[in-house]
Amino acid sequence: MTKVLILGANGRIARIVEQQLLAETDVQLTLVLRNAGRLLVTSPERETVIQGDVSDSQLLDTVMPNQDIVYANLAGNMALLAQTIITSMNRNHVPHLIWVTGSGLYHETPNPFGAWVEQVVGHAAKNDTRHAARIIESSDIPATIIRAAYMTDDTKIDYELTYKGERFKGTMISRASIADLIMKIIAEPTAYENTRLDIAQPGTDNMLPQVKLMAQHR
């Protein structure tokens with residue numbers, strides 16, 4: 001039985017993934033978040049909720065053993081979080097990481113959307129996420145990095161993928177679509193090992209989001 005550790009389990013994408021995993025699979029979930037009271041446990045035999053800070057290496061070493069996949073749905077000091085997670089995964093021999101971040105990680109997003117992302121997110125935040133990606137890529141952990149366009153709460157699942165080195169397509173993507181991709185990775189992680197996936201809704205290439213991207217909650 002697959003065991004999945006979700007870090008940042010109260011995030012909006014994470015909650016969709018949790019619900020789908022419980023409804024469609026027999027996966028065992030360990031859910032880590034800052035305030036455990038925010039999650040309603042519906043399958044206590046399959047869900048373990050842990051309250052704590054993901055930057056706490058002792059906490060991670062407590063929840064990491066025997067996990068098959070780590071899905072990180074985080075915001076904050078991304079480089080610190082990436083290093084702490086990678087170190088614990090190595091120490092506990094966990095074989096796959098799913099890391100969700102935003103577009104522009106490799107300066108692959110064409111203008112005008114690329115310039116909009118850089119301006120609204122800010123260079124300091126982007127440099128931190130890029131540093132986090134370098135930490136993950138320089139590690140021995142097989143990882144899938146998902147680079148998402150501007151995230152919406154549309155329930156429609158409609159997306160196309162591009163890969164590192166290719167031109168990023170699209171400007172927006174529903175969280176439901178990102179969750180669908182994560183479900184596919186969890187079902188077949190080896191097929192996505194060491195891939196860098198851009199995800200966006202087809203046909204949105206020339207549409208700039210009309211709201212600020214700052215601190216967009218995943």
# chains A, B, ... in the order shown; residues from 1 in each chain; ligands from 1
call {"tool": "residues_around", "arguments": {"residues": "Leu74 of chain A", "least_positions_apart": "5", "cutoff": "12 Å", "atoms": "only C-alpha atoms", "output": "number ranges by chain"}}
result
A: 6-14, 32-34, 53-55, 79-82, 85, 98-102, 129, 132, 215-218
call {"tool": "write_last_selection", "arguments": {"atoms": "N, CA and C atoms", "output": "mmCIF file, in the first residue's frame"}}
result
data_model
loop_
_atom_site.group_PDB
_atom_site.id
_atom_site.type_symbol
_atom_site.label_atom_id
_atom_site.label_comp_id
_atom_site.auth_asym_id
_atom_site.auth_seq_id
_atom_site.Cartn_x
_atom_site.Cartn_y
_atom_site.Cartn_z
ATOM 1 N N ILE A 6 2.075 14.434 2.772
ATOM 2 C CA ILE A 6 1.749 15.745 2.193
ATOM 3 C C ILE A 6 2.177 16.836 3.162
ATOM 4 N N LEU A 7 3.063 17.694 2.709
ATOM 5 C CA LEU A 7 3.580 18.797 3.513
ATOM 6 C C LEU A 7 2.897 20.080 3.064
ATOM 7 N N GLY A 8 2.216 20.747 4.007
ATOM 8 C CA GLY A 8 1.391 21.889 3.652
ATOM 9 C C GLY A 8 -0.001 21.412 3.283
ATOM 10 N N ALA A 9 -0.536 20.528 4.114
ATOM 11 C CA ALA A 9 -1.746 19.784 3.756
ATOM 12 C C ALA A 9 -3.016 20.621 3.756
ATOM 13 N N ASN A 10 -2.952 21.867 4.234
ATOM 14 C CA ASN A 10 -4.142 22.714 4.200
ATOM 15 C C ASN A 10 -4.206 23.562 2.938
ATOM 16 N N GLY A 11 -3.233 23.431 2.065
ATOM 17 C CA GLY A 11 -3.265 24.183 0.819
ATOM 18 C C GLY A 11 -4.433 23.744 -0.057
ATOM 19 N N ARG A 12 -4.872 24.635 -0.921
ATOM 20 C CA ARG A 12 -6.072 24.352 -1.708
ATOM 21 C C ARG A 12 -5.868 23.194 -2.687
ATOM 22 N N ILE A 13 -4.703 23.109 -3.314
ATOM 23 C CA ILE A 13 -4.441 21.965 -4.189
ATOM 24 C C ILE A 13 -4.331 20.700 -3.359
ATOM 25 N N ALA A 14 -3.637 20.793 -2.235
ATOM 26 C CA ALA A 14 -3.451 19.622 -1.373
ATOM 27 C C ALA A 14 -4.783 19.053 -0.927
ATOM 28 N N VAL A 32 0.766 16.979 7.089
ATOM 29 C CA VAL A 32 1.468 17.905 7.979
ATOM 30 C C VAL A 32 1.047 19.329 7.657
ATOM 31 N N LEU A 33 0.657 20.071 8.684
ATOM 32 C CA LEU A 33 0.269 21.473 8.524
ATOM 33 C C LEU A 33 0.481 22.205 9.846
ATOM 34 N N ARG A 34 0.474 23.521 9.795
ATOM 35 C CA ARG A 34 0.751 24.308 10.998
ATOM 36 C C ARG A 34 -0.372 24.226 12.023
ATOM 37 N N ASP A 53 5.799 22.565 11.929
ATOM 38 C CA ASP A 53 6.465 23.407 10.945
ATOM 39 C C ASP A 53 7.370 22.533 10.089
ATOM 40 N N VAL A 54 7.199 22.603 8.775
ATOM 41 C CA VAL A 54 7.963 21.750 7.869
ATOM 42 C C VAL A 54 9.458 22.063 7.914
ATOM 43 N N SER A 55 9.828 23.244 8.368
ATOM 44 C CA SER A 55 11.256 23.569 8.480
ATOM 45 C C SER A 55 11.913 22.904 9.686
ATOM 46 N N ALA A 79 13.902 27.832 -0.209
ATOM 47 C CA ALA A 79 15.221 27.203 -0.223
ATOM 48 C C ALA A 79 15.467 26.441 1.078
ATOM 49 N N LEU A 80 15.133 27.052 2.200
ATOM 50 C CA LEU A 80 15.282 26.382 3.491
ATOM 51 C C LEU A 80 14.407 25.133 3.553
ATOM 52 N N LEU A 81 13.160 25.257 3.110
ATOM 53 C CA LEU A 81 12.247 24.120 3.137
ATOM 54 C C LEU A 81 12.743 22.996 2.237
ATOM 55 N N ALA A 82 13.218 23.346 1.038
ATOM 56 C CA ALA A 82 13.726 22.324 0.114
ATOM 57 C C ALA A 82 14.904 21.583 0.715
ATOM 58 N N ILE A 85 13.723 19.262 3.595
ATOM 59 C CA ILE A 85 12.997 18.099 3.084
ATOM 60 C C ILE A 85 13.947 17.112 2.409
ATOM 61 N N ILE A 98 7.417 15.278 -5.038
ATOM 62 C CA ILE A 98 6.627 16.133 -5.925
ATOM 63 C C ILE A 98 6.673 17.544 -5.346
ATOM 64 N N TRP A 99 7.162 18.482 -6.110
ATOM 65 C CA TRP A 99 7.393 19.858 -5.637
ATOM 66 C C TRP A 99 6.609 20.816 -6.538
ATOM 67 N N VAL A 100 5.694 21.567 -5.960
ATOM 68 C CA VAL A 100 4.857 22.492 -6.737
ATOM 69 C C VAL A 100 5.363 23.916 -6.546
ATOM 70 N N THR A 101 5.590 24.591 -7.659
ATOM 71 C CA THR A 101 6.058 25.970 -7.610
ATOM 72 C C THR A 101 5.426 26.726 -8.783
ATOM 73 N N GLY A 102 5.857 27.969 -8.997
ATOM 74 C CA GLY A 102 5.253 28.787 -10.034
ATOM 75 C C GLY A 102 6.073 28.844 -11.307
ATOM 76 N N THR A 129 12.812 30.733 -4.935
ATOM 77 C CA THR A 129 12.254 29.516 -5.534
ATOM 78 C C THR A 129 13.245 28.877 -6.502
ATOM 79 N N ALA A 132 15.695 27.006 -4.408
ATOM 80 C CA ALA A 132 15.079 25.754 -3.958
ATOM 81 C C ALA A 132 15.134 24.699 -5.055
ATOM 82 N N ALA A 215 2.001 36.205 -3.168
ATOM 83 C CA ALA A 215 1.688 35.243 -2.117
ATOM 84 C C ALA A 215 0.479 34.365 -2.481
ATOM 85 N N GLN A 216 0.453 33.925 -3.740
ATOM 86 C CA GLN A 216 -0.675 33.098 -4.170
ATOM 87 C C GLN A 216 -0.670 31.776 -3.411
ATOM 88 N N HIS A 217 -1.804 31.453 -2.807
ATOM 89 C CA HIS A 217 -1.905 30.285 -1.939
ATOM 90 C C HIS A 217 -2.159 29.044 -2.768
ATOM 91 N N ARG A 218 -1.322 28.008 -2.542
ATOM 92 C CA ARG A 218 -1.470 26.777 -3.294
ATOM 93 C C ARG A 218 -2.429 25.819 -2.627
#
call {"tool": "residues_around", "arguments": {"residues": "Val94 of chain A", "least_positions_apart": "5", "cutoff": "7 Å", "atoms": "only C-alpha atoms", "output": "PyMOL selection string"}}
result
chain A and resi 67-69+89
call {"tool": "select_by_dssp", "arguments": {"residues": "segment 51-155 of chain A", "states": "strand (DSSP E or B)", "output": "compact mmCIF listing (two decimals) with N, CA and C atoms, in the first residue's frame"}}
result
# COMPACT_ATOMS: atom_id res chain seq x y z
N GLN A 51 0.54 18.22 13.39
CA GLN A 51 0.69 19.67 13.46
C GLN A 51 2.15 20.02 13.65
N ILE A 69 6.17 8.52 -1.14
CA ILE A 69 6.17 9.76 -1.91
C ILE A 69 5.97 10.94 -0.96
N VAL A 70 6.72 12.00 -1.19
CA VAL A 70 6.50 13.26 -0.49
C VAL A 70 5.96 14.26 -1.50
N TYR A 71 4.83 14.86 -1.18
CA TYR A 71 4.24 15.92 -2.00
C TYR A 71 4.31 17.20 -1.18
N ALA A 72 5.09 18.18 -1.66
CA ALA A 72 5.30 19.44 -0.94
C ALA A 72 4.45 20.53 -1.57
N LEU A 97 9.91 12.82 -4.72
CA LEU A 97 9.40 14.11 -4.27
C LEU A 97 8.60 14.76 -5.38
N ILE A 98 7.42 15.28 -5.04
CA ILE A 98 6.63 16.13 -5.92
C ILE A 98 6.67 17.54 -5.35
N TRP A 99 7.16 18.48 -6.11
CA TRP A 99 7.39 19.86 -5.64
C TRP A 99 6.61 20.82 -6.54
N VAL A 100 5.69 21.57 -5.96
CA VAL A 100 4.86 22.49 -6.74
C VAL A 100 5.36 23.92 -6.55
N THR A 101 5.59 24.59 -7.66
CA THR A 101 6.06 25.97 -7.61
C THR A 101 5.43 26.73 -8.78
N GLY A 102 5.86 27.97 -9.00
CA GLY A 102 5.25 28.79 -10.03
C GLY A 102 6.07 28.84 -11.31
N ALA A 143 12.84 13.48 -8.38
CA ALA A 143 11.84 14.50 -8.08
C ALA A 143 11.11 14.93 -9.33
N THR A 144 9.86 15.32 -9.13
CA THR A 144 9.07 15.96 -10.18
C THR A 144 8.78 17.38 -9.72
N ILE A 145 9.25 18.35 -10.47
CA ILE A 145 8.98 19.76 -10.18
C ILE A 145 7.88 20.23 -11.12
N ILE A 146 6.77 20.68 -10.55
CA ILE A 146 5.65 21.19 -11.33
C ILE A 146 5.70 22.71 -11.30
N ARG A 147 5.79 23.34 -12.47
CA ARG A 147 5.83 24.80 -12.58
C ARG A 147 4.48 25.25 -13.12
N ALA A 148 3.71 25.88 -12.26
CA ALA A 148 2.32 26.20 -12.61
C ALA A 148 2.16 27.65 -13.05
N TYR A 150 -0.57 30.97 -13.48
CA TYR A 150 -1.39 31.59 -12.44
C TYR A 150 -2.55 30.66 -12.09
N MET A 151 -2.71 30.38 -10.78
CA MET A 151 -3.66 29.37 -10.34
C MET A 151 -5.03 29.96 -10.06
N THR A 152 -6.07 29.26 -10.52
CA THR A 152 -7.45 29.68 -10.31
C THR A 152 -8.23 28.57 -9.62
call {"tool": "closest_residue", "arguments": {"among": "A:Glu47, A:Val41, A:Lys169, A:Met1", "to": "Ala187 of chain A", "atoms": "only C-alpha atoms"}}
result
A:Met1
call {"tool": "closest_atom_pairs", "arguments": {"of": "segment 150-178 of chain A", "to": "segment 191-205 of chain A", "cutoff": "8 Å", "atoms": "only C-alpha atoms", "output": "CSV"}}
result
residue,atom,partner,partner_atom,distance
A:Asp158,CA,A:Gln201,CA,5.7
A:Tyr159,CA,A:Gln201,CA,4.4
A:Glu160,CA,A:Ala200,CA,5.8
A:Leu161,CA,A:Ile199,CA,4.9
A:Thr162,CA,A:Asp198,CA,5.0
A:Tyr163,CA,A:Leu197,CA,4.9
A:Lys164,CA,A:Arg196,CA,5.4
A:Phe168,CA,A:Asp198,CA,6.5
A:Lys169,CA,A:Asp205,CA,6.0
A:Gly170,CA,A:Asp205,CA,3.9
A:Thr171,CA,A:Thr204,CA,5.6
A:Met172,CA,A:Ala200,CA,5.6
A:Ile173,CA,A:Ala200,CA,4.8
A:Ser174,CA,A:Gln201,CA,7.6
A:Ile178,CA,A:Ile199,CA,7.4
call {"tool": "select_by_dssp", "arguments": {"residues": "segment 37-145 of chain A", "states": "helix (DSSP H, G or I)", "output": "MDAnalysis selection string"}}
result
chainID A and resid 37:38 57:63 78:92 113:121 123:137
call {"tool": "closest_residue", "arguments": {"among": "A:Ile86, A:Val17, A:Gly52, A:Ala75", "to": "Ser177 of chain A", "atoms": "only C-alpha atoms"}}
result
A:Val17
call {"tool": "closest_residue", "arguments": {"among": "A:Ser88, A:Gln28, A:Asn111, A:Thr42", "to": "Ile141 of chain A", "atoms": "only C-alpha atoms"}}
result
A:Ser88
